[in-house]
Structures are given as structure tokens and as C-alpha cells.
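Take a look at the structure set out below.
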Amino acid sequence: MKEYHLPDRVNKFVLLNCFLVHFLGVTPFYLWLFVRSFFYFFPARAKLPESEAVSAADAFTQFKHVLLPITDRNPYLSEGTRQAAATAAGLAKKYEADITVVVIDENPKESVPEHDTKLSSVRWHLSEGGFQEFRLIERLGEGTKPTAIIGEVADDLSLDLVVISMEAIHSKHVDANLLAEFIPCPVLLLPL
């Protein structure tokens, strides 16, 4: 007569099953259901080590370089862009950070007659927020999507925060999905 040997894990499962049914009168399914419901009502709480929790909090409170992308076609800036400029200026002033403004437009500088008006409007709104000096980058007429330009600038300059209005996303100038995926730093989206 041949002997058949089951793998150890199967033998252990069979023994556990027999034990549960014989001594506890419980089938494994009901035991599994009980354990599952226990963890549903009493979920495990994960605690970060204190050093990691502090560094995560610092990432959102210690901005040293803020990016303000301007995709607005209005030479006097729309309400959302003005709000983003005021917020960027306020954060930069509070955390003693630098501001980089990137002006993005699909058309070249020569074909936009109000380009100088837009730049002076940006300067005025940042100075109203108490911020006089900032770095200005113009990316005009390149044919590249604004989201890609924002990602490139944020990556090249190792920025700490990007401040942008939801208006840029609603107007389809900036793709929020790509923004969230490719920007290497936190993005502050301001509501309308």
C-alpha cells in the first residue's frame, strides 16, 4: 500500500480545521469573519516615528523657493491669478523665501501687444503683497504645454512650492492630473 504525504502547510491547515471544529465548534469561515469584523471596528493605527513626523510637517512649513506660474491671457490678471500672486507673496514674506514667476504663453512675445502690461501687473501685485524682488522667467511661443513647463522649471530650480489658481485648471491651460504626477514639490491649488 502506498503512502501519500501532503505538504506541511496542508497538514497544518487540516489540523487547525479539525481543532476549530472539534473543540470550539466553529468553522474556519466564521472565525475568519469574526477576525475581519474585529479589525473593521478596531482598525490598527500606524504611528510615524517622531523624526519622520517632524520632517513631514517641516516640508509644509519651510518654503525657501516658491513658484508662481502665470498662464493668464488677461494683461491685468484675472481674479484667480491675482489671488495666487497675493498668496505667493504672503508665503514668501512669512517664510523669507524667494519667488520665481514663470510667464507662460503659447504665442511669441511679438504677437502679444499687452505683454509689458502683464509683466507690470505681476510686479504691482507682488509689490502689494510686500514683495519687491523676484526672479522672472518668460516661456513664450515654445509650443510646449504649460504643465510641462511648470514641471521643468520646478525640477530645474529645486522649488519647494508651486502656487497656482484653480482658474488655470478650469480654463484648460493646465492639466491637474499631469501637475500632480510630474511636479516634484507640493502644489497649492487656490479655489476660485
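Chain labels follow the order of the C-alpha cells: the first chain is A, the next B, and so on; residue numbering restarts at 1 in every chain, and ligands are counted from 1 in their shown order.
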
Give me the residues near range 155-157 of chain A as a tab-separated table (two decimals) with C-alpha atoms, in the first residue's frame, where near means some atom within 8 Å (using only C-alpha atoms) and where sequence neighbours in that chain fewer than 2 positions away do not count.
chain	number	residue	atom	x	y	z
A	151	GLY	CA	7.27	70.81	-14.17
A	152	GLU	CA	10.55	71.62	-15.92
A	153	VAL	CA	11.02	74.89	-14.05
A	159	LEU	CA	11.46	74.55	-5.82
A	183	ILE	CA	5.70	68.29	-10.16
A	184	PRO	CA	8.46	67.31	-7.70

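A straight line drawn from CA of Glu167 in chain A to CA of Glu79 in chain A is 8.6 Å long.
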
- Query: If we count only C-alpha atoms, what is near Asp175 in chain A at a cut-off of 9 Å, once residues fewer than 5 positions away on the same chain are taken out, given as a count of residues only?
  - Reply: 7

Contact table range 130-165 of chain A vs range 94-111 of chain A, cut-off 7 Å, shortest pair per residue, only C-alpha atoms, as JSON lines:
{"residue": "A:Phe134", "atom": "CA", "partner": "A:Ile99", "partner_atom": "CA", "distance": 5.1}
{"residue": "A:Arg135", "atom": "CA", "partner": "A:Thr100", "partner_atom": "CA", "distance": 4.6}
{"residue": "A:Leu136", "atom": "CA", "partner": "A:Val101", "partner_atom": "CA", "distance": 4.9}
{"residue": "A:Ile137", "atom": "CA", "partner": "A:Val102", "partner_atom": "CA", "distance": 4.6}
{"residue": "A:Glu138", "atom": "CA", "partner": "A:Val103", "partner_atom": "CA", "distance": 4.9}
{"residue": "A:Arg139", "atom": "CA", "partner": "A:Ile104", "partner_atom": "CA", "distance": 5.0}
{"residue": "A:Leu140", "atom": "CA", "partner": "A:Asp105", "partner_atom": "CA", "distance": 4.9}
{"residue": "A:Gly141", "atom": "CA", "partner": "A:Pro108", "partner_atom": "CA", "distance": 4.0}
{"residue": "A:Glu142", "atom": "CA", "partner": "A:Glu106", "partner_atom": "CA", "distance": 6.5}
{"residue": "A:Gly143", "atom": "CA", "partner": "A:Glu106", "partner_atom": "CA", "distance": 5.8}
{"residue": "A:Pro146", "atom": "CA", "partner": "A:Ile104", "partner_atom": "CA", "distance": 6.4}

Output for the residues just chosen: N, CA, C and O atoms as an mmCIF file, in the first residue's frame:
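What follows is the written file part22.cif:
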data_model
loop_
_atom_site.group_PDB
_atom_site.id
_atom_site.type_symbol
_atom_site.label_atom_id
_atom_site.label_comp_id
_atom_site.auth_asym_id
_atom_site.auth_seq_id
_atom_site.Cartn_x
_atom_site.Cartn_y
_atom_site.Cartn_z
ATOM 1 N N PHE A 134 11.939 89.542 -7.277
ATOM 2 C CA PHE A 134 11.615 88.175 -7.664
ATOM 3 C C PHE A 134 12.322 87.851 -8.966
ATOM 4 O O PHE A 134 12.764 88.743 -9.696
ATOM 5 N N ARG A 135 12.432 86.585 -9.231
ATOM 6 C CA ARG A 135 13.052 86.127 -10.476
ATOM 7 C C ARG A 135 11.952 85.943 -11.509
ATOM 8 O O ARG A 135 10.892 85.393 -11.210
ATOM 9 N N LEU A 136 12.190 86.385 -12.726
ATOM 10 C CA LEU A 136 11.196 86.296 -13.794
ATOM 11 C C LEU A 136 11.727 85.417 -14.922
ATOM 12 O O LEU A 136 12.834 85.633 -15.423
ATOM 13 N N ILE A 137 10.931 84.433 -15.296
ATOM 14 C CA ILE A 137 11.254 83.555 -16.429
ATOM 15 C C ILE A 137 10.101 83.666 -17.407
ATOM 16 O O ILE A 137 8.941 83.523 -17.039
ATOM 17 N N GLU A 138 10.432 83.936 -18.666
ATOM 18 C CA GLU A 138 9.395 84.022 -19.707
ATOM 19 C C GLU A 138 9.546 82.813 -20.631
ATOM 20 O O GLU A 138 10.613 82.589 -21.190
ATOM 21 N N ARG A 139 8.466 82.072 -20.771
ATOM 22 C CA ARG A 139 8.441 80.925 -21.685
ATOM 23 C C ARG A 139 7.301 81.180 -22.663
ATOM 24 O O ARG A 139 6.167 80.798 -22.434
ATOM 25 N N LEU A 140 7.643 81.868 -23.752
ATOM 26 C CA LEU A 140 6.634 82.323 -24.704
ATOM 27 C C LEU A 140 6.854 81.670 -26.067
ATOM 28 O O LEU A 140 7.974 81.600 -26.557
ATOM 29 N N GLY A 141 5.749 81.244 -26.669
ATOM 30 C CA GLY A 141 5.778 80.734 -28.039
ATOM 31 C C GLY A 141 6.586 79.481 -28.243
ATOM 32 O O GLY A 141 7.072 79.237 -29.343
ATOM 33 N N GLU A 142 6.722 78.654 -27.234
ATOM 34 C CA GLU A 142 7.522 77.435 -27.371
ATOM 35 C C GLU A 142 6.731 76.269 -27.932
ATOM 36 O O GLU A 142 7.306 75.303 -28.401
ATOM 37 N N GLY A 143 5.413 76.322 -27.817
ATOM 38 C CA GLY A 143 4.583 75.218 -28.275
ATOM 39 C C GLY A 143 4.518 74.073 -27.276
ATOM 40 O O GLY A 143 3.957 73.020 -27.559
ATOM 41 N N PRO A 146 1.729 74.185 -20.888
ATOM 42 C CA PRO A 146 2.086 74.890 -19.642
ATOM 43 C C PRO A 146 2.414 73.954 -18.486
ATOM 44 O O PRO A 146 3.307 74.241 -17.696
#

- Pick the closest to Leu77 in chain A from A:Trp124, A:Val112, A:Lys93, A:Gln62: which is it, counting only C-alpha atoms?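 Among the listed residues, the smallest separation from Leu77 in chain A belongs to A:Trp124.
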